[in-house]
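Here's target.cif, which has mmCIF, C-alpha atoms and all ligand atoms:
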```cif
data_final
#
loop_
_atom_site.label_atom_id
_atom_site.label_comp_id
_atom_site.auth_asym_id
_atom_site.auth_seq_id
_atom_site.Cartn_x
_atom_site.Cartn_y
_atom_site.Cartn_z
CA MET A 1 82.24 -10.83 43.04
CA PRO A 2 80.77 -7.33 43.48
CA GLU A 3 77.62 -7.29 45.61
CA ALA A 4 74.41 -7.04 43.55
CA LYS A 5 72.71 -3.62 43.65
CA ARG A 6 69.71 -3.64 45.97
CA MET A 7 66.62 -1.47 45.76
CA ARG A 8 65.77 0.43 48.90
CA PHE A 9 62.10 -0.59 48.63
CA SER A 10 60.43 -3.96 49.02
CA LEU A 11 57.05 -5.26 48.07
CA ARG A 12 54.49 -7.41 49.85
CA PRO A 13 50.71 -7.92 50.13
CA LEU A 14 48.74 -5.26 51.99
CA GLY A 15 47.95 -6.22 55.58
CA HIS A 16 45.36 -4.92 57.98
CA ASP A 17 47.85 -2.82 59.97
CA ASP A 18 49.00 -1.05 56.80
CA ILE A 19 45.57 0.44 56.10
CA PRO A 20 46.13 3.86 57.78
CA GLN A 21 49.32 4.34 55.77
CA VAL A 22 47.93 3.11 52.47
CA GLU A 23 44.98 5.49 52.91
CA GLU A 24 47.50 8.33 53.13
CA VAL A 25 49.20 7.15 49.94
CA GLU A 26 45.83 6.98 48.20
CA LYS A 27 45.04 10.55 49.27
CA SER A 28 48.43 11.72 48.00
CA ALA A 29 48.02 9.92 44.65
CA PHE A 30 44.33 10.68 44.10
CA PRO A 31 43.55 13.92 45.97
CA THR A 32 40.08 14.30 44.42
CA LEU A 33 38.99 10.69 44.85
CA TRP A 34 35.66 10.27 46.56
CA PRO A 35 34.55 7.98 48.08
CA LEU A 36 37.92 6.73 49.30
CA THR A 37 38.65 3.03 48.91
CA SER A 38 37.52 0.84 51.77
CA PHE A 39 40.73 -1.17 52.08
CA GLU A 40 39.13 -3.19 54.84
CA ARG A 41 36.46 -4.34 52.43
CA GLU A 42 39.03 -4.92 49.72
CA LEU A 43 41.06 -7.19 52.03
CA LYS A 44 37.98 -9.41 52.33
CA ASN A 45 37.31 -9.35 48.58
CA HIS A 46 38.41 -12.69 47.19
CA LEU A 47 38.68 -11.24 43.70
CA ALA A 48 41.12 -8.52 44.79
CA CYS A 49 44.86 -8.47 45.55
CA TYR A 50 46.58 -5.40 46.95
CA LEU A 51 50.35 -5.01 47.08
CA ILE A 52 52.33 -2.31 48.83
CA ALA A 53 55.83 -0.98 48.26
CA TRP A 54 57.54 -0.17 51.54
CA GLU A 55 60.85 0.90 53.06
CA PRO A 56 62.10 0.26 56.59
CA LEU A 57 61.52 3.14 58.98
CA GLN A 58 64.75 4.38 60.48
CA GLU A 59 65.21 3.79 64.20
CA GLY A 60 63.57 6.54 66.24
CA ILE A 61 61.28 7.77 63.45
CA VAL A 62 57.64 7.47 64.42
CA LEU A 63 54.93 8.18 61.89
CA PRO A 64 52.53 10.97 62.88
CA PRO A 65 49.32 9.71 64.45
CA ARG A 66 46.52 8.98 62.05
CA PRO A 67 44.15 11.91 61.57
CA PRO A 68 40.60 11.22 62.78
CA ARG A 69 38.44 9.52 60.19
CA ARG A 70 35.90 11.55 58.32
CA HIS A 71 32.46 10.18 59.02
CA THR A 72 29.87 10.64 56.36
CA TRP A 73 26.24 10.17 57.28
CA LEU A 74 26.39 6.86 55.39
CA GLN A 75 29.36 5.62 57.43
CA GLN A 76 27.64 6.68 60.65
CA LEU A 77 24.50 4.84 59.64
CA ALA A 78 26.53 1.77 58.66
CA GLY A 79 28.28 1.96 62.06
CA ARG A 80 24.95 2.06 63.88
CA TRP A 81 23.83 -1.00 62.02
CA GLY A 82 27.09 -2.70 62.90
CA LEU A 83 28.12 -2.98 59.25
CA GLU A 84 31.60 -1.58 59.80
CA ALA A 85 33.27 -2.31 63.10
CA PRO A 86 35.59 0.43 64.41
CA ARG A 87 39.08 -0.27 63.25
CA PRO A 88 41.48 -1.27 66.02
CA GLU A 89 44.67 0.78 66.08
CA PRO A 90 47.86 -1.29 65.57
CA LEU A 91 49.34 -2.42 68.89
CA HIS A 92 52.85 -1.42 67.88
CA PRO A 93 53.95 1.62 65.89
CA PRO A 94 54.74 0.59 62.29
CA LYS A 95 58.34 -0.29 61.43
CA GLN A 96 57.76 0.07 57.71
CA ARG A 97 56.75 3.08 55.70
CA VAL A 98 54.25 2.40 52.92
CA VAL A 99 55.28 4.40 49.83
CA GLY A 100 53.07 2.99 47.08
CA TYR A 101 50.33 0.51 46.38
CA VAL A 102 48.50 -1.28 43.63
CA GLY A 103 45.15 -3.05 43.62
CA VAL A 104 44.23 -5.71 41.07
CA TRP A 105 40.90 -7.44 40.56
CA PHE A 106 40.79 -10.82 38.87
CA MET A 107 37.72 -11.38 36.74
CA THR A 108 37.36 -14.40 34.45
CA ASP A 109 40.49 -14.27 32.29
CA GLU A 110 41.28 -10.61 32.96
CA ALA A 111 43.41 -8.89 35.60
CA HIS A 112 42.13 -5.34 36.08
CA ILE A 113 44.35 -2.79 37.82
CA VAL A 114 41.88 -0.76 39.87
CA SER A 115 44.37 1.60 41.47
CA LEU A 116 48.12 2.31 41.40
CA GLY A 117 49.85 5.15 43.17
CA THR A 118 53.10 6.32 44.73
CA GLN A 119 53.36 8.74 47.66
CA GLU A 120 54.25 12.12 46.15
CA GLU A 121 57.70 12.58 47.69
CA TYR A 122 58.77 9.07 46.55
CA ARG A 123 58.01 9.45 42.85
CA ARG A 124 60.53 8.89 40.02
CA GLN A 125 62.41 6.24 42.01
CA GLY A 126 61.11 3.20 40.14
CA ILE A 127 58.29 2.39 42.57
CA GLY A 128 55.37 2.84 40.14
CA GLU A 129 57.10 0.57 37.65
CA LEU A 130 57.85 -1.99 40.37
CA LEU A 131 54.14 -2.04 41.27
CA LEU A 132 53.15 -2.46 37.63
CA ILE A 133 55.66 -5.29 37.15
CA SER A 134 54.30 -7.02 40.23
CA SER A 135 50.69 -6.67 39.00
CA ILE A 136 51.61 -8.37 35.74
CA GLU A 137 53.42 -11.11 37.71
CA LEU A 138 50.24 -11.56 39.77
CA ALA A 139 48.30 -11.82 36.51
CA TYR A 140 50.63 -14.66 35.44
CA LEU A 141 50.11 -16.39 38.80
CA HIS A 142 46.33 -16.14 38.33
CA ARG A 143 46.62 -17.34 34.72
CA SER A 144 44.99 -14.15 33.44
CA ARG A 145 45.07 -13.67 29.70
CA LEU A 146 45.08 -9.87 29.70
CA VAL A 147 45.77 -6.97 32.02
CA THR A 148 43.48 -3.93 31.72
CA LEU A 149 43.04 -0.57 33.43
CA GLU A 150 41.46 2.85 33.13
CA VAL A 151 43.47 6.05 33.20
CA ARG A 152 42.56 9.70 32.95
CA ALA A 153 42.92 11.01 29.40
CA SER A 154 45.20 13.79 30.73
CA ASN A 155 47.48 11.45 32.75
CA ALA A 156 50.36 11.35 30.30
CA ALA A 157 52.93 10.23 32.92
CA ALA A 158 51.05 7.05 33.76
CA GLN A 159 50.20 6.35 30.13
CA VAL A 160 53.89 6.45 29.15
CA LEU A 161 54.58 3.80 31.78
CA TYR A 162 51.68 1.60 30.63
CA VAL A 163 52.63 1.84 26.95
CA LYS A 164 56.15 0.69 27.88
CA TYR A 165 54.56 -2.53 29.22
CA GLY A 166 52.55 -3.11 26.05
CA PHE A 167 49.24 -1.53 27.08
CA ALA A 168 47.35 0.03 24.19
CA ARG A 169 44.18 2.09 24.01
CA ALA A 170 41.16 -0.22 23.91
CA GLY A 171 38.32 2.29 24.32
CA VAL A 172 37.12 5.42 26.09
CA ARG A 173 34.58 5.96 28.87
CA ARG A 174 33.23 9.41 28.24
CA ARG A 175 33.12 11.81 31.24
CA TYR A 176 33.94 8.90 33.56
CA TYR A 177 35.58 10.88 36.39
CA THR A 178 33.01 12.69 38.48
CA ASP A 179 35.28 15.52 39.75
CA ASN A 180 35.94 17.12 36.36
CA ARG A 181 33.95 14.91 33.95
CA GLU A 182 37.19 13.83 32.31
CA ASP A 183 37.24 10.83 29.96
CA ALA A 184 38.83 7.55 31.05
CA VAL A 185 41.01 5.79 28.52
CA ILE A 186 40.65 2.00 28.73
CA MET A 187 44.02 0.34 28.15
CA SER A 188 44.79 -3.33 27.72
CA THR A 189 47.84 -5.49 27.19
CA PRO A 190 47.90 -7.99 24.36
CA PRO A 191 47.58 -11.60 25.58
CA ILE A 192 50.36 -11.95 28.17
CA ASP A 193 50.78 -15.72 27.77
CA THR A 194 52.48 -15.49 24.37
CA PRO A 195 56.26 -16.04 24.02
CA GLU A 196 56.53 -12.53 22.50
CA TYR A 197 54.90 -10.77 25.44
CA ARG A 198 56.79 -12.88 27.98
CA ALA A 199 60.13 -12.03 26.32
CA HIS A 200 59.24 -8.31 26.21
CA PHE A 201 58.15 -8.39 29.88
CA VAL A 202 61.20 -10.29 31.15
CA GLY A 203 63.46 -7.83 29.30
CA LEU A 204 61.77 -4.87 31.00
CA VAL A 205 61.97 -6.52 34.45
CA LEU A 206 65.71 -7.07 34.00
CA GLU A 207 66.13 -3.47 32.82
CA HIS A 208 64.30 -2.21 35.93
CA GLN A 209 66.48 -4.41 38.13
CA THR A 210 69.69 -3.18 36.50
CA ARG A 211 68.64 0.44 36.93
CA TRP A 212 67.14 0.37 40.43
CA GLY A 213 68.53 -2.82 41.98
CA ALA A 214 66.94 -6.11 42.97
CA CYS A 215 64.24 -6.00 45.57
CA GLU A 216 62.49 -8.42 47.86
CA ARG A 217 59.09 -9.17 46.33
CA ILE A 218 56.40 -11.19 48.05
CA LEU A 219 53.34 -11.42 45.83
CA GLN A 220 51.05 -13.63 47.86
CA PRO A 221 50.47 -14.12 51.57
CA ALA A 222 52.13 -17.25 52.96
CA ALA A 223 49.64 -20.14 52.86
CA SER A 224 48.40 -20.86 56.37
CA SER A 225 49.13 -24.41 57.45
C1 LIG B 1 51.98 7.39 37.80
C2 LIG B 1 52.77 7.07 39.08
C3 LIG B 1 52.16 5.85 39.75
C4 LIG B 1 54.24 6.77 38.69
O1 LIG B 1 54.89 6.41 39.90
P1 LIG B 1 56.47 6.56 40.11
O2 LIG B 1 56.82 5.83 41.34
O3 LIG B 1 56.88 7.98 40.00
O4 LIG B 1 56.96 5.77 38.80
P2 LIG B 1 58.45 5.38 38.36
O5 LIG B 1 59.49 6.16 39.05
O6 LIG B 1 58.53 3.90 38.41
O7 LIG B 1 58.41 5.84 36.82
C5 LIG B 1 58.10 4.92 35.79
C6 LIG B 1 57.87 5.65 34.48
O8 LIG B 1 56.65 6.39 34.52
C7 LIG B 1 56.78 7.56 33.70
N1 LIG B 1 56.64 8.72 34.54
C8 LIG B 1 56.46 8.72 35.89
N2 LIG B 1 56.30 10.00 36.33
C9 LIG B 1 56.38 10.78 35.23
C10 LIG B 1 56.29 12.18 35.04
N3 LIG B 1 56.10 13.03 36.06
N4 LIG B 1 56.40 12.66 33.79
C11 LIG B 1 56.60 11.83 32.73
N5 LIG B 1 56.70 10.48 32.86
C12 LIG B 1 56.60 9.98 34.09
C13 LIG B 1 58.16 7.52 33.11
O9 LIG B 1 58.07 6.85 31.87
C14 LIG B 1 58.92 6.67 34.12
O10 LIG B 1 60.00 6.00 33.57
P3 LIG B 1 61.46 6.75 33.51
O11 LIG B 1 61.86 6.99 34.93
O12 LIG B 1 62.30 5.74 32.82
O13 LIG B 1 61.23 8.02 32.73
C15 LIG B 1 52.80 8.29 40.05
O14 LIG B 1 53.15 9.45 39.34
C16 LIG B 1 51.47 8.53 40.78
O15 LIG B 1 51.21 7.95 41.82
N6 LIG B 1 50.65 9.42 40.20
C17 LIG B 1 49.33 9.73 40.80
C18 LIG B 1 48.39 8.56 40.70
C19 LIG B 1 48.25 8.05 39.28
O16 LIG B 1 48.19 8.82 38.32
N7 LIG B 1 48.15 6.72 39.14
C20 LIG B 1 47.89 6.05 37.89
C21 LIG B 1 46.43 6.05 37.65
S1 LIG B 1 45.95 4.91 36.41
#
```
Translate the structure described by the file into structure tokens.
Amino acid sequence: MPEAKRMRFSLRPLGHDDIPQVEEVEKSAFPTLWPLTSFERELKNHLACYLIAWEPLQEGIVLPPRPPRRHTWLQQLAGRWGLEAPRPEPLHPPKQRVVGYVGVWFMTDEAHIVSLGTQEEYRRQGIGELLLISSIELAYLHRSRLVTLEVRASNAAAQVLYVKYGFARAGVRRRYYTDNREDAVIMSTPPIDTPEYRAHFVGLVLEHQTRWGACERILQPAASS
């Protein structure tokens, strides 16, 4: 039998040591975002799940050292009050390169995608879609009824992807983005627990797998014994 096609990227939950890399991906995906996400805080948020797409780093390739953190007066003050401990650098250089991430918040019966981005030089390789698929799978695991998100009105590329997965316009938040006062379009799936949505979703997952190859996907951290 011919060997099944394999995707070059894998997916797993964000870990503490990935934070410097995922911050770089966030900056690449959302260059005007301010304040930046505190991934440390998000890792402690019981309502949030963050997944990263990654590829193995080739032998001998070492990621450039992390640039020094920008300290706003607020961060400095928080530091003085001991609210944010300095982040320890990883003991070992990373062996995996983080190329994309998605964050999902689970609220009552809704899974809300708070952020989804792919590192610029890795785009159009199926990673964004893989992250979206995995968010919807997480929503099934959490028994969410709907998946929702907000997207810039001008972000046609992302909206095409969301529409493919059944998201439709559910409202507008006027002048929501502070950098250019652009509107946010609220998008929502129909209920995902219907046979119709499940069939549509499974079909798209198989299509993605046929096109890009199967990939190792870990959606939740292993339960500690
Ligand atoms: C939107 C984004 C996450 C897509 O990531 P990606 O890894 O390139 O996505 P994929 O390769 O899986 O593409 C999936 C689909 O998205 C759409 N798409 C992605 N980039 C596109 C582009 N530049 N133009 C038009 N459609 C595009 C296409 O429908 C594509 O499917 P196709 O390859 O069959 O045409 C990525 O462009 C990104 O990080 N953008 C900046 C951050 C952002 O806008 N995030 C979403 C905020 S809600």
Please, what distance in Å, to one decimal, runs between atom CA of A:Ala139 and atom CA of A:Pro191? 11.0 Å
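Between atom CA of A:Trp105 and atom CA of A:His46 the interatomic distance comes to 8.8 Å.
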Could you build a table of the residues in chain A lying no more than 6 Å from ligand LIG 1 (chain B), giving for each the nearest pair of atoms and their separation in Å rounded to one decimal place, using only C-alpha atoms and all ligand atoms, ordered by chain and ascending residue number, as a Markdown table?
```
| residue | atom | partner | partner_atom | distance |
| --- | --- | --- | --- | --- |
| A:Ala29 | CA | B:LIG1 | C17 | 4.1 |
| A:Phe30 | CA | B:LIG1 | C18 | 5.7 |
| A:Leu116 | CA | B:LIG1 | N7 | 5.0 |
| A:Gly117 | CA | B:LIG1 | O15 | 3.4 |
| A:Thr118 | CA | B:LIG1 | O15 | 3.8 |
| A:Arg123 | CA | B:LIG1 | O3 | 3.4 |
| A:Arg124 | CA | B:LIG1 | O5 | 3.1 |
| A:Gln125 | CA | B:LIG1 | O5 | 4.2 |
| A:Gly126 | CA | B:LIG1 | O6 | 3.2 |
| A:Ile127 | CA | B:LIG1 | O2 | 3.9 |
| A:Gly128 | CA | B:LIG1 | O2 | 3.5 |
| A:Glu129 | CA | B:LIG1 | O6 | 3.7 |
| A:Glu150 | CA | B:LIG1 | S1 | 5.9 |
| A:Val151 | CA | B:LIG1 | S1 | 4.2 |
| A:Ala157 | CA | B:LIG1 | N5 | 3.8 |
| A:Ala158 | CA | B:LIG1 | C1 | 4.2 |
| A:Val160 | CA | B:LIG1 | O9 | 5.0 |
| A:Leu161 | CA | B:LIG1 | O8 | 4.3 |
```
Env of A:Val22: 9 Å cut, atoms = all atoms listed in the file, seq-sep filter 3 positions within chain, self excluded. Answer as a PDB file with C-alpha atoms, in the coordinates of the input.
```
ATOM      1  CA  LEU A  14      48.740  -5.260  51.990  1.00  0.00           C
ATOM      2  CA  ASP A  18      49.000  -1.050  56.800  1.00  0.00           C
ATOM      3  CA  ILE A  19      45.570   0.440  56.100  1.00  0.00           C
ATOM      4  CA  VAL A  25      49.200   7.150  49.940  1.00  0.00           C
ATOM      5  CA  GLU A  26      45.830   6.980  48.200  1.00  0.00           C
ATOM      6  CA  LYS A  27      45.040  10.550  49.270  1.00  0.00           C
ATOM      7  CA  PHE A  39      40.730  -1.170  52.080  1.00  0.00           C
ATOM      8  CA  ILE A  52      52.330  -2.310  48.830  1.00  0.00           C
ATOM      9  CA  VAL A  98      54.250   2.400  52.920  1.00  0.00           C
ATOM     10  CA  VAL A  99      55.280   4.400  49.830  1.00  0.00           C
ATOM     11  CA  GLY A 100      53.070   2.990  47.080  1.00  0.00           C
ATOM     12  CA  TYR A 101      50.330   0.510  46.380  1.00  0.00           C
TER      13      TYR A 101
END
```
Identify, on the basis of all atoms listed in the file, every residue whose closest approach to A:Thr108 does not exceed 10 Å; exclude the query and any residue fewer than 3 positions from it along the same chain; express the result as a list in words. Leu47, Trp105, Ala111, His142, Arg143, Ser144 and Arg145 of chain A
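In this comparison, which uses only C-alpha atoms, the residue of A:Met107, A:Ala170, A:Leu219, A:Ala214 approaching A:Lys5 most closely is A:Ala214.
Taking all atoms listed in the file into account, A:Val104 lies nearest to A:Tyr50 out of the set A:Trp212, A:Tyr197, A:Tyr50, A:Phe167.
The spacing separating atom CA of A:Leu149 from atom CA of A:Ser115 amounts to 8.4 Å.
Take the candidates A:Glu120, A:Ala168, A:Thr178, A:Ser188 and check each one against A:Leu33 using only C-alpha atoms; the shortest distance goes to A:Thr178.
Each of A:Pro94, A:Pro31, A:Gly213, A:Pro195 was compared to A:Phe9 using only C-alpha atoms, and A:Gly213 turns out to be the nearest.
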Spatial neighbours of A:Pro221, max dist 12 Å, only C-alpha atoms, sep filter under 5 positions, as number ranges by chain: A: 11-15, 43, 49-51
Of A:Pro20, A:Thr32, A:Asp109, A:Arg181, the one nearest to A:Leu141 when counting all atoms listed in the file is A:Asp109
